[in-house]
Amino acid sequence: MSGTASDCLFCKIVAGQIPAKITYRDDEVVAFADIKPAAPLHELVIPVRHITNVAAVEAKDAALIGKLMIVAADRARAAGASDGFRVVTNNGAGAGQSVFHLHLHVLAGRPLSWPPG
Ligand code: 5GP
Ligand code: ZN
C-alpha cells in the first residue's frame, strides 16, 4: 500500500491529527518519540508516504529507504548515543509489528543484548 492510509495511526501523526513529540521532519521522513519507550532513546523514523513494512518496499523506494537509515543515525547522534545504538524494524505480526506503517526503531541509552526476543 502506498500514499496515505486513512485508518493508519502513523499517517495521522504525519498529518498532525494525533499528537507526537516530533524530533525531525522533512518532505519525506518524520521522526518522533515512541509513546512507550523501550530505552532512554527510543524514536521511530518513518516515511511520510504510507508503506506497510519492509516486505512492501519496491525498487523505486531505494533512495527513501536509504534516507530513513541516515535520519536514524542522525537521531542517535543527536541523542549522544556514543556507546552504540540499535536500528530495528519489525516486519509482520509474527515479528512483533503492531503498526502497519513502516518504521525504524532507534534505541540507545542502555545495554542492548543480542539476540532480541
Ligand atoms: P511495532 O510494534 O509495530 O514494531 O512498533 C510500533 C511502535 O509504535 C511501538 O513501539 C509503540 O510503542 C509505538 N506507538 C504505538 N502507538 C503510538 C502512538 O500513538 N504514538 C507514538 N508516538 N508511538 C506509538
Ligand atoms: Zn500510514
# chains A, B, ... in the order shown; residues from 1 in each chain; ligands from 1

$ residues_near_ligand --ligand "ligand 2" --cutoff "9 Å" --atoms "only C-alpha atoms and all ligand atoms" --output "VMD selection string"
chain A and resid 1 to 14 47 to 52 99 to 102

$ residues_around --residues "Pro37 of chain A" --least-positions-apart "4" --cutoff "12 Å" --atoms "only C-alpha atoms" --output "CSV table (one decimal) with N, CA and C atoms, in the first residue's frame"
chain,number,residue,atom,x,y,z
A,32,PHE,N,9.9,10.7,15.5
A,32,PHE,CA,9.2,11.1,16.7
A,32,PHE,C,9.4,10.1,17.8
A,33,ALA,N,9.2,10.6,19.1
A,33,ALA,CA,9.5,9.7,20.2
A,33,ALA,C,8.4,8.6,20.3
A,41,LEU,N,16.7,6.3,24.8
A,41,LEU,CA,16.3,6.9,23.5
A,41,LEU,C,15.5,5.8,22.8
A,42,HIS,N,14.3,6.2,22.4
A,42,HIS,CA,13.5,5.3,21.5
A,42,HIS,C,12.7,6.2,20.6
A,43,GLU,N,13.2,6.4,19.4
A,43,GLU,CA,12.4,7.1,18.4
A,43,GLU,C,12.1,6.2,17.3
A,44,LEU,N,11.0,6.7,16.5
A,44,LEU,CA,10.6,6.0,15.3
A,44,LEU,C,10.8,6.9,14.1
A,105,HIS,N,12.8,1.6,14.5
A,105,HIS,CA,13.0,1.9,15.9
A,105,HIS,C,14.5,2.3,16.0
A,106,VAL,N,14.8,3.4,16.7
A,106,VAL,CA,16.1,3.8,17.1
A,106,VAL,C,16.2,3.7,18.6
A,107,LEU,N,17.1,2.8,19.1
A,107,LEU,CA,17.1,2.5,20.5
A,107,LEU,C,18.6,2.8,21.0
A,108,ALA,N,18.7,3.4,22.1
A,108,ALA,CA,20.0,3.6,22.7
A,108,ALA,C,19.8,4.0,24.2
A,109,GLY,N,21.0,4.1,24.9
A,109,GLY,CA,21.0,4.6,26.2
A,109,GLY,C,20.9,3.6,27.3
A,110,ARG,N,21.0,2.3,26.9
A,110,ARG,CA,21.1,1.2,27.9
A,110,ARG,C,21.8,0.1,27.2

$ atom_distance --atom1 "atom CA of Thr23 of chain A" --atom2 "atom CA of Ile46 of chain A"
11.7 Å

$ closest_residue --among "A:Leu104, A:Ala62, A:Val87, A:Ala72" --to "ligand 1" --atoms "only C-alpha atoms and all ligand atoms"
A:Leu104

$ residues_near_ligand --ligand "ligand 1" --cutoff "6 Å" --atoms "only C-alpha atoms and all ligand atoms" --output "PyMOL selection string"
chain A and resi 20+33-36+90+96-99

$ atom_distance --atom1 "atom CA of Ala39 of chain A" --atom2 "atom CA of Asp74 of chain A"
17.1 Å

$ select_by_dssp --residues "chain A" --states "strand (DSSP E or B)" --output "JSON, numbers by chain"
{"A": [22, 23, 24, 25, 29, 30, 31, 32, 33, 41, 42, 43, 44, 45, 46, 47, 85, 86, 87, 88, 104, 105, 106, 107, 108]}

$ atom_distance --atom1 "atom CA of His103 of chain A" --atom2 "atom CA of Ser82 of chain A"
22.4 Å

$ closest_residue --among "A:Ala63, A:Ile18, A:Thr89, A:Arg25" --to "Arg75 of chain A" --atoms "only C-alpha atoms"
A:Arg25
